[in-house]
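Heads up, query_37.cif below (mmCIF, C-alpha atoms):
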data_coords
loop_
_atom_site.label_atom_id
_atom_site.label_comp_id
_atom_site.auth_asym_id
_atom_site.auth_seq_id
_atom_site.Cartn_x
_atom_site.Cartn_y
_atom_site.Cartn_z
CA MET A 20 -7.88 -11.08 -14.39
CA ALA A 21 -7.25 -9.04 -11.26
CA ARG A 22 -5.48 -10.81 -8.41
CA PHE A 23 -6.75 -10.47 -4.84
CA GLY A 24 -4.89 -10.50 -1.55
CA ILE A 25 -5.29 -9.44 2.07
CA CYS A 26 -3.25 -7.06 4.22
CA ALA A 27 -2.41 -9.25 7.19
CA ALA A 28 0.29 -10.56 9.50
CA PRO A 29 2.34 -13.56 8.33
CA GLN A 30 0.62 -15.80 10.91
CA GLN A 31 -2.63 -15.39 8.94
CA ALA A 32 -1.11 -16.67 5.69
CA PRO A 33 -2.40 -20.27 6.05
CA ALA A 34 -6.01 -19.08 6.39
CA ILE A 35 -5.58 -16.65 3.49
CA ALA A 36 -4.19 -19.39 1.25
CA ALA A 37 -6.93 -21.83 2.25
CA ALA A 38 -9.58 -19.26 1.34
CA GLY A 39 -8.18 -19.00 -2.20
CA TYR A 40 -6.44 -15.63 -2.22
CA ASP A 41 -3.55 -15.03 -4.59
CA PHE A 42 -1.11 -13.30 -2.24
CA ILE A 43 -0.59 -11.70 1.15
CA GLU A 44 0.37 -8.08 1.82
CA CYS A 45 2.28 -7.72 5.07
CA PRO A 46 3.03 -4.75 7.31
CA VAL A 47 6.77 -4.23 7.54
CA PRO A 48 6.93 -4.31 11.39
CA ALA A 49 5.12 -7.67 11.48
CA VAL A 50 7.65 -9.23 9.12
CA PHE A 51 10.91 -7.58 10.09
CA GLY A 52 10.27 -6.62 13.72
CA GLN A 53 10.87 -3.13 15.00
CA THR A 54 14.61 -3.26 14.36
CA GLY A 55 14.83 -5.81 11.58
CA GLU A 56 15.72 -8.85 13.69
CA GLU A 57 16.74 -11.77 11.51
CA GLY A 58 14.81 -14.30 13.61
CA ILE A 59 11.48 -12.56 13.04
CA PHE A 60 12.21 -12.13 9.34
CA GLU A 61 13.12 -15.80 8.80
CA GLU A 62 10.12 -17.06 10.76
CA SER A 63 7.72 -14.76 8.90
CA TRP A 64 9.10 -15.88 5.55
CA ARG A 65 8.86 -19.55 6.58
CA ILE A 66 5.19 -19.26 7.58
CA ILE A 67 4.24 -17.54 4.34
CA ARG A 68 6.23 -20.00 2.20
CA GLU A 69 4.75 -23.03 3.89
CA ALA A 70 1.26 -21.61 3.34
CA GLY A 71 2.01 -21.60 -0.40
CA LEU A 72 1.80 -17.81 -0.70
CA VAL A 73 4.17 -14.98 -1.59
CA ALA A 74 4.22 -11.64 0.19
CA GLU A 75 3.91 -9.78 -3.08
CA ALA A 76 3.24 -6.43 -1.38
CA PHE A 77 4.21 -4.72 1.86
CA ASN A 78 2.88 -1.68 3.73
CA CYS A 79 3.86 0.48 6.74
CA PHE A 80 7.11 1.23 4.89
CA ILE A 81 8.52 3.89 7.24
CA SER A 82 8.05 3.65 11.01
CA PRO A 83 6.13 6.52 12.64
CA GLU A 84 9.13 7.50 14.75
CA VAL A 85 11.38 7.86 11.67
CA LYS A 86 10.42 11.24 10.23
CA ILE A 87 10.62 12.22 6.58
CA THR A 88 9.59 15.86 7.08
CA GLY A 89 10.48 18.46 9.66
CA PRO A 90 13.51 20.37 10.97
CA ASP A 91 15.55 17.44 12.33
CA ILE A 92 15.79 14.73 9.71
CA ASP A 93 18.59 12.17 9.63
CA PHE A 94 18.30 11.64 5.90
CA GLU A 95 21.18 9.18 5.58
CA GLU A 96 19.72 6.94 8.30
CA LEU A 97 16.25 7.22 6.76
CA ILE A 98 17.54 6.03 3.38
CA ARG A 99 19.65 3.32 4.99
CA GLN A 100 16.66 1.85 6.81
CA ALA A 101 14.32 2.24 3.84
CA THR A 102 16.80 0.58 1.49
CA ARG A 103 17.29 -2.36 3.84
CA THR A 104 13.52 -2.78 4.06
CA LEU A 105 13.22 -2.82 0.27
CA GLU A 106 15.99 -5.39 -0.02
CA LYS A 107 14.36 -7.69 2.54
CA ALA A 108 10.93 -7.33 0.91
CA HIS A 109 12.36 -8.15 -2.50
CA GLN A 110 14.17 -11.16 -1.03
CA MET A 111 10.78 -12.50 0.08
CA GLY A 112 9.36 -12.06 -3.42
CA GLY A 113 7.83 -8.63 -2.90
CA SER A 114 6.98 -6.58 -5.98
CA VAL A 115 5.40 -3.52 -4.34
CA MET A 116 6.22 -1.47 -1.24
CA VAL A 117 3.33 0.80 -0.26
CA PHE A 118 4.39 4.29 0.83
CA GLY A 119 1.55 5.37 3.09
CA SER A 120 3.42 6.05 6.33
CA GLY A 121 1.18 8.96 7.27
CA GLU A 122 2.85 9.75 10.59
CA ALA A 123 6.33 9.63 9.08
CA ARG A 124 5.51 11.95 6.20
CA MET A 125 3.15 14.28 8.10
CA ILE A 126 4.35 17.89 7.81
CA PRO A 127 4.73 19.20 11.39
CA GLU A 128 2.56 22.08 12.54
CA GLY A 129 4.34 25.38 11.96
CA PHE A 130 6.82 23.85 9.51
CA SER A 131 6.94 25.10 5.93
CA CYS A 132 4.54 23.06 3.78
CA GLN A 133 6.67 23.76 0.73
CA ARG A 134 9.81 22.57 2.50
CA GLY A 135 7.97 19.47 3.75
CA ARG A 136 6.90 18.58 0.22
CA GLU A 137 10.46 19.11 -0.98
CA GLN A 138 11.69 16.69 1.70
CA ILE A 139 9.16 14.05 0.60
CA HIS A 140 10.17 14.51 -3.03
CA HIS A 141 13.86 14.23 -2.12
CA PHE A 142 13.15 11.03 -0.20
CA LEU A 143 11.13 9.54 -3.08
CA LYS A 144 13.72 10.47 -5.70
CA THR A 145 16.54 8.96 -3.64
CA ILE A 146 14.68 5.80 -2.65
CA GLY A 147 13.41 5.51 -6.23
CA ASN A 148 16.99 4.97 -7.37
CA GLU A 149 17.41 2.24 -4.77
CA ALA A 150 14.09 0.66 -5.72
CA LEU A 151 15.18 0.53 -9.36
CA ARG A 152 18.45 -1.13 -8.38
CA ILE A 153 16.69 -3.68 -6.17
CA GLY A 154 13.79 -4.36 -8.53
CA ILE A 155 10.76 -3.32 -6.50
CA ILE A 156 8.07 -0.67 -6.97
CA VAL A 157 7.42 2.00 -4.33
CA ALA A 158 3.74 2.98 -4.62
CA ILE A 159 2.68 6.33 -3.16
CA GLU A 160 -0.53 5.84 -1.19
CA PRO A 161 -2.74 8.95 -1.05
CA LEU A 162 -4.19 9.16 2.47
CA CYS A 163 -7.35 10.93 3.57
CA ARG A 164 -6.88 14.31 5.26
CA GLU A 165 -7.69 12.83 8.67
CA ALA A 166 -4.71 10.46 8.34
CA CYS A 167 -2.15 12.87 6.86
CA ASN A 168 -1.81 16.47 5.72
CA VAL A 169 0.09 15.87 2.50
CA LEU A 170 -0.43 13.74 -0.64
CA ASN A 171 -4.15 13.20 -0.15
CA THR A 172 -5.38 12.38 -3.67
CA VAL A 173 -4.53 10.12 -6.57
CA ARG A 174 -4.19 13.26 -8.71
CA GLN A 175 -1.56 14.71 -6.34
CA ALA A 176 0.37 11.43 -6.17
CA ALA A 177 0.34 11.15 -9.96
CA GLU A 178 1.66 14.70 -10.29
CA VAL A 179 4.55 13.90 -7.93
CA CYS A 180 5.34 10.76 -9.93
CA ARG A 181 5.44 12.64 -13.20
CA ASN A 182 7.63 15.38 -11.74
CA LEU A 183 10.06 12.87 -10.26
CA ASP A 184 10.16 10.80 -13.46
CA GLN A 185 11.36 7.76 -11.52
CA LYS A 186 10.61 4.43 -13.17
CA ASN A 187 10.04 2.60 -9.87
CA ILE A 188 7.95 5.25 -8.10
CA ARG A 189 4.29 4.68 -8.86
CA VAL A 190 0.79 5.32 -7.44
CA LEU A 191 -1.64 3.36 -5.28
CA ALA A 192 -5.40 3.94 -5.24
CA ASP A 193 -7.13 3.21 -1.92
CA TYR A 194 -10.92 3.06 -2.10
CA PHE A 195 -11.27 3.73 1.64
CA HIS A 196 -9.24 6.94 1.54
CA MET A 197 -10.82 8.11 -1.72
CA GLY A 198 -14.30 7.50 -0.36
CA THR A 199 -13.57 9.07 3.03
CA ASP A 200 -12.56 12.37 1.44
CA GLY A 201 -15.02 12.15 -1.46
CA GLU A 202 -12.26 12.04 -4.07
CA PRO A 203 -13.83 11.64 -7.53
CA LEU A 204 -13.28 8.28 -9.19
CA ASP A 205 -12.50 10.24 -12.34
CA ASN A 206 -9.14 11.08 -10.73
CA LEU A 207 -8.07 7.56 -11.60
CA LYS A 208 -8.01 8.67 -15.23
CA VAL A 209 -4.91 10.79 -14.57
CA ALA A 210 -2.88 7.71 -13.62
CA PRO A 211 -3.59 4.82 -16.00
CA ASP A 212 0.12 4.35 -16.67
CA LEU A 213 1.16 4.95 -13.06
CA LEU A 214 -1.24 2.83 -11.02
CA ALA A 215 0.72 -0.04 -9.49
CA HIS A 216 -1.46 -1.27 -6.64
CA VAL A 217 -4.94 -0.99 -5.11
CA HIS A 218 -6.40 -1.20 -1.60
CA ILE A 219 -10.09 -1.72 -0.90
CA ALA A 220 -12.41 -1.39 2.10
CA ASP A 221 -15.83 0.09 2.67
CA PRO A 222 -15.25 3.86 3.12
CA GLN A 223 -17.90 4.24 5.80
CA GLU A 224 -16.94 1.45 8.19
CA ARG A 225 -13.62 0.13 6.86
CA VAL A 226 -15.03 -3.39 6.71
CA ALA A 227 -14.68 -5.61 3.67
CA PRO A 228 -16.59 -4.58 0.54
CA GLY A 229 -20.09 -6.00 0.70
CA GLN A 230 -20.15 -5.95 4.49
CA GLY A 231 -20.84 -2.24 4.68
CA PRO A 232 -23.31 0.11 2.99
CA THR A 233 -21.12 1.20 0.05
CA ASP A 234 -21.29 -0.42 -3.39
CA ILE A 235 -17.75 -0.99 -4.67
CA THR A 236 -18.87 -1.72 -8.23
CA PRO A 237 -18.36 1.88 -9.49
CA PHE A 238 -14.77 1.79 -8.21
CA PHE A 239 -14.11 -1.52 -9.95
CA ARG A 240 -15.71 -0.14 -13.10
CA ALA A 241 -13.44 2.92 -12.93
CA LEU A 242 -10.36 0.69 -12.53
CA LYS A 243 -11.38 -1.39 -15.52
CA GLY A 244 -12.02 1.82 -17.44
CA ILE A 245 -8.33 2.77 -17.21
CA GLY A 246 -7.21 -0.77 -17.99
CA TYR A 247 -6.13 -1.77 -14.49
CA ASP A 248 -5.93 -5.52 -14.04
CA GLY A 249 -3.37 -5.96 -11.27
CA ARG A 250 -3.20 -6.66 -7.55
CA ILE A 251 -6.04 -5.63 -5.25
CA SER A 252 -5.56 -5.95 -1.48
CA LEU A 253 -8.29 -5.93 1.11
CA GLU A 254 -7.16 -3.58 3.89
CA CYS A 255 -10.05 -3.67 6.32
CA ARG A 256 -11.42 -4.68 9.69
CA TRP A 257 -12.78 -8.17 10.31
CA LYS A 258 -15.16 -9.50 12.93
CA ASP A 259 -14.31 -13.16 12.33
CA PHE A 260 -11.32 -13.30 9.99
CA GLY A 261 -11.22 -17.02 9.35
CA ARG A 262 -14.94 -17.30 8.68
CA GLU A 263 -15.42 -14.15 6.61
CA ILE A 264 -12.53 -14.09 4.17
CA ARG A 265 -13.67 -16.91 1.89
CA GLU A 266 -17.17 -15.48 1.45
CA VAL A 267 -15.78 -12.00 0.85
CA LEU A 268 -13.42 -13.26 -1.86
CA LEU A 269 -16.29 -14.87 -3.74
CA LYS A 270 -18.28 -11.64 -3.54
CA ILE A 271 -15.54 -9.32 -4.71
CA LYS A 272 -14.58 -11.63 -7.57
CA ASP A 273 -18.20 -11.58 -8.68
CA GLN A 274 -18.36 -7.80 -8.36
CA TRP A 275 -15.15 -7.43 -10.37
CA GLN A 276 -16.43 -9.75 -13.05
CA ASN A 277 -19.70 -7.84 -13.39
CA ALA A 278 -18.32 -4.30 -13.08
#

Once more with this new file: its structure as structure tokens, please.
Amino acid sequence: MARFGICAAPQQAPAIAAAGYDFIECPVPAVFGQTGEEGIFEESWRIIREAGLVAEAFNCFISPEVKITGPDIDFEELIRQATRTLEKAHQMGGSVMVFGSGEARMIPEGFSCQRGREQIHHFLKTIGNEALRIGIIVAIEPLCREACNVLNTVRQAAEVCRNLDQKNIRVLADYFHMGTDGEPLDNLKVAPDLLAHVHIADPQERVAPGQGPTDITPFFRALKGIGYDGRISLECRWKDFGREIREVLLKIKDQWQNA
């Protein structure tokens, strides 16, 4: 049975646990602070633990100001920071680090697209070795073209994974980004062995599934069709978080069951 969580700050963990979710997915800055202060990390971990949850996944891996592509990259510092983040996430029980980080990986205007892709691949290959050592998966998140100008589809992310041949570099499928760009659900079929994590939100309004006009059932059916039965995180906007999350969980569990 698929397991459901919510992308949220640690302070929301008690409400998430009370609503019956299986895990929380936290943004790196909310857990570690902007510079990795120990006090913020320890307090975040305490709140999540006391709520009875585990931060099984993390997102916002690389800060926007730390660039992965472009002419002036401090690669050693980039890897140092990324490795420390992976170590801290694993310490908290994290299994997956989402590599979206659209601003960090965005290829600058006028810069060679080929060189930018090579820089991303070099980063992923290097951090993949660290992820294997630490014991955590780095999942490439394809982002819609409005959010980033590189790695926009599940098919592209899967191709990068296969070329890298790194055990701990895998793929994420995000229903919002797929729907925004009209990416075919059939693209999921290229990654049945690579899909490590899933994000969901209504593609038209980025609200929770069932609160917008889009039927998520075909996406769930496509996931089941490739044998996916792992973590699914809601990454969406809320009008009244505490009131809505329990009802939404019941709906998406029913939709998953009937897909």

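Between atom CA of Asn206 of chain A and atom CA of Arg174 of chain A lies a distance of 5.8 Å.
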
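Taking all atoms listed in the file into account, the polymer residues that have an atom no farther than 12 Å from (12.1, -13.2, 11.0) are Pro29, Gln30, Val47, Pro48, Ala49, Val50, Phe51, Gly52, Gln53, Thr54, Gly55, Glu56, Glu57, Gly58, Ile59, Phe60, Glu61, Glu62, Ser63, Trp64, Arg65, Ile66, Ile67, Lys107, Ala108 and Met111 of chain A.
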
Checklist entry - Nearest to His140 of chain A: which of A:Cys180, A:Val73, A:Val117, A:Leu162 is it, counting all atoms listed in the file? => result A:Cys180

Item to check | Which residue of A:Arg124, A:Arg136, A:Arg265, A:Arg189 approaches Ile155 of chain A most closely, using all atoms listed in the file | outcome: A:Arg189

Item to check | Straight-line distance linking atom CA of Arg256 of chain A with atom CA of Ala215 of chain A, stated in Å to one decimal | outcome: 23.2 Å

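The closest residue to Glu266 of chain A, picked from A:Val157, A:Leu97, A:Ile35, A:Ala70 and counting all atoms listed in the file, is A:Ile35.
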
Checklist entry - Which neighbours of Asp273 of chain A fall inside 12 Å, counting only C-alpha atoms, when residues of the same chain fewer than 6 positions from it are skipped, and could you give them as a PyMOL selection string? => result chain A and resi 20-21+228-229+235-236+239+266-267

Checklist entry - Once the PyMOL selection byres ((chain A and resi 202-205) around 9) has been applied to the shown file, what residues remain in the selection, as a VMD selection string? => result chain A and resid 172 to 173 196 to 201 206 to 209 237 to 238 241 to 242

Go through segment 142-227 of chain A residue by residue and, counting all atoms listed in the file, keep those with an atom at most 10 Å from segment 75-89 of chain A; for each kept residue give the shortest atom pair and its distance in Å to one decimal, ordered by chain and increasing number, as JSON lines.
{"residue": "A:Phe142", "atom": "CA", "partner": "A:Ile87", "partner_atom": "CA", "distance": 7.3}
{"residue": "A:Ile155", "atom": "CA", "partner": "A:Ala76", "partner_atom": "CA", "distance": 9.6}
{"residue": "A:Ile156", "atom": "CA", "partner": "A:Ala76", "partner_atom": "CA", "distance": 9.4}
{"residue": "A:Val157", "atom": "CA", "partner": "A:Phe80", "partner_atom": "CA", "distance": 9.3}
{"residue": "A:Ala158", "atom": "CA", "partner": "A:Asn78", "partner_atom": "CA", "distance": 9.6}
{"residue": "A:Glu160", "atom": "CA", "partner": "A:Asn78", "partner_atom": "CA", "distance": 9.6}
{"residue": "A:His216", "atom": "CA", "partner": "A:Ala76", "partner_atom": "CA", "distance": 8.7}

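In this structure, atom CA of Tyr40 of chain A sits 10.5 Å away from atom CA of Gly71 of chain A.
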
Which residues match the PyMOL selection byres ((chain A and resi 214) around 8) in the file above, as an mmCIF file with C-alpha atoms, in the coordinates of the input?
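Listed below is the output, out-v5.cif:
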data_model
loop_
_atom_site.group_PDB
_atom_site.id
_atom_site.type_symbol
_atom_site.label_atom_id
_atom_site.label_comp_id
_atom_site.auth_asym_id
_atom_site.auth_seq_id
_atom_site.Cartn_x
_atom_site.Cartn_y
_atom_site.Cartn_z
ATOM 1 C CA ARG A 189 4.290 4.680 -8.860
ATOM 2 C CA VAL A 190 0.790 5.320 -7.440
ATOM 3 C CA LEU A 191 -1.640 3.360 -5.280
ATOM 4 C CA ALA A 192 -5.400 3.940 -5.240
ATOM 5 C CA ALA A 210 -2.880 7.710 -13.620
ATOM 6 C CA PRO A 211 -3.590 4.820 -16.000
ATOM 7 C CA ASP A 212 0.120 4.350 -16.670
ATOM 8 C CA LEU A 213 1.160 4.950 -13.060
ATOM 9 C CA ALA A 215 0.720 -0.040 -9.490
ATOM 10 C CA HIS A 216 -1.460 -1.270 -6.640
ATOM 11 C CA VAL A 217 -4.940 -0.990 -5.110
ATOM 12 C CA TYR A 247 -6.130 -1.770 -14.490
#

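Checking A:Ser114, A:Ser120, A:Gln223, A:Ser131 one by one against Asn187 of chain A, counting all atoms listed in the file, you find the shortest gap at A:Ser114.
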
Item to check | Selection result for the PyMOL selection byres ((chain A and resi 145) around 12) on this file, as a list in words | outcome: Phe94, Glu95, Leu97, Ile98, Arg99, Ala101, Thr102, Gln138, Ile139, His140, His141, Phe142, Leu143, Lys144, Ile146, Gly147, Asn148, Glu149, Ala150, Leu151, Arg152, Val157, Leu183, Asp184, Gln185, Asn187 and Ile188 of chain A

Dump as a compact mmCIF listing (two decimals), in the frame of the given file, selection limited to C-alpha atoms:
# COMPACT_ATOMS: atom_id res chain seq x y z
CA PHE A 94 18.30 11.64 5.90
CA GLU A 95 21.18 9.18 5.58
CA LEU A 97 16.25 7.22 6.76
CA ILE A 98 17.54 6.03 3.38
CA ARG A 99 19.65 3.32 4.99
CA ALA A 101 14.32 2.24 3.84
CA THR A 102 16.80 0.58 1.49
CA GLN A 138 11.69 16.69 1.70
CA ILE A 139 9.16 14.05 0.60
CA HIS A 140 10.17 14.51 -3.03
CA HIS A 141 13.86 14.23 -2.12
CA PHE A 142 13.15 11.03 -0.20
CA LEU A 143 11.13 9.54 -3.08
CA LYS A 144 13.72 10.47 -5.70
CA ILE A 146 14.68 5.80 -2.65
CA GLY A 147 13.41 5.51 -6.23
CA ASN A 148 16.99 4.97 -7.37
CA GLU A 149 17.41 2.24 -4.77
CA ALA A 150 14.09 0.66 -5.72
CA LEU A 151 15.18 0.53 -9.36
CA ARG A 152 18.45 -1.13 -8.38
CA VAL A 157 7.42 2.00 -4.33
CA LEU A 183 10.06 12.87 -10.26
CA ASP A 184 10.16 10.80 -13.46
CA GLN A 185 11.36 7.76 -11.52
CA ASN A 187 10.04 2.60 -9.87
CA ILE A 188 7.95 5.25 -8.10

Checklist entry - Near Ile43 of chain A, counting all atoms listed in the file, which residues have an atom at most 6 Å away, once you skip same-chain residues fewer than 4 positions from it, shown as a list in words? => result Gly24, Ile25 and Ala74 of chain A

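Closest approach to Asn171 of chain A from the set A:Ala38, A:Val115, A:Met125, A:Ala278 is made by A:Met125, with distances taken over only C-alpha atoms.
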
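Here the question is which of A:Gly244, A:Gly231, A:Gly121, A:Pro222 gets nearest to Asp193 of chain A using all atoms listed in the file, and that residue is A:Pro222.
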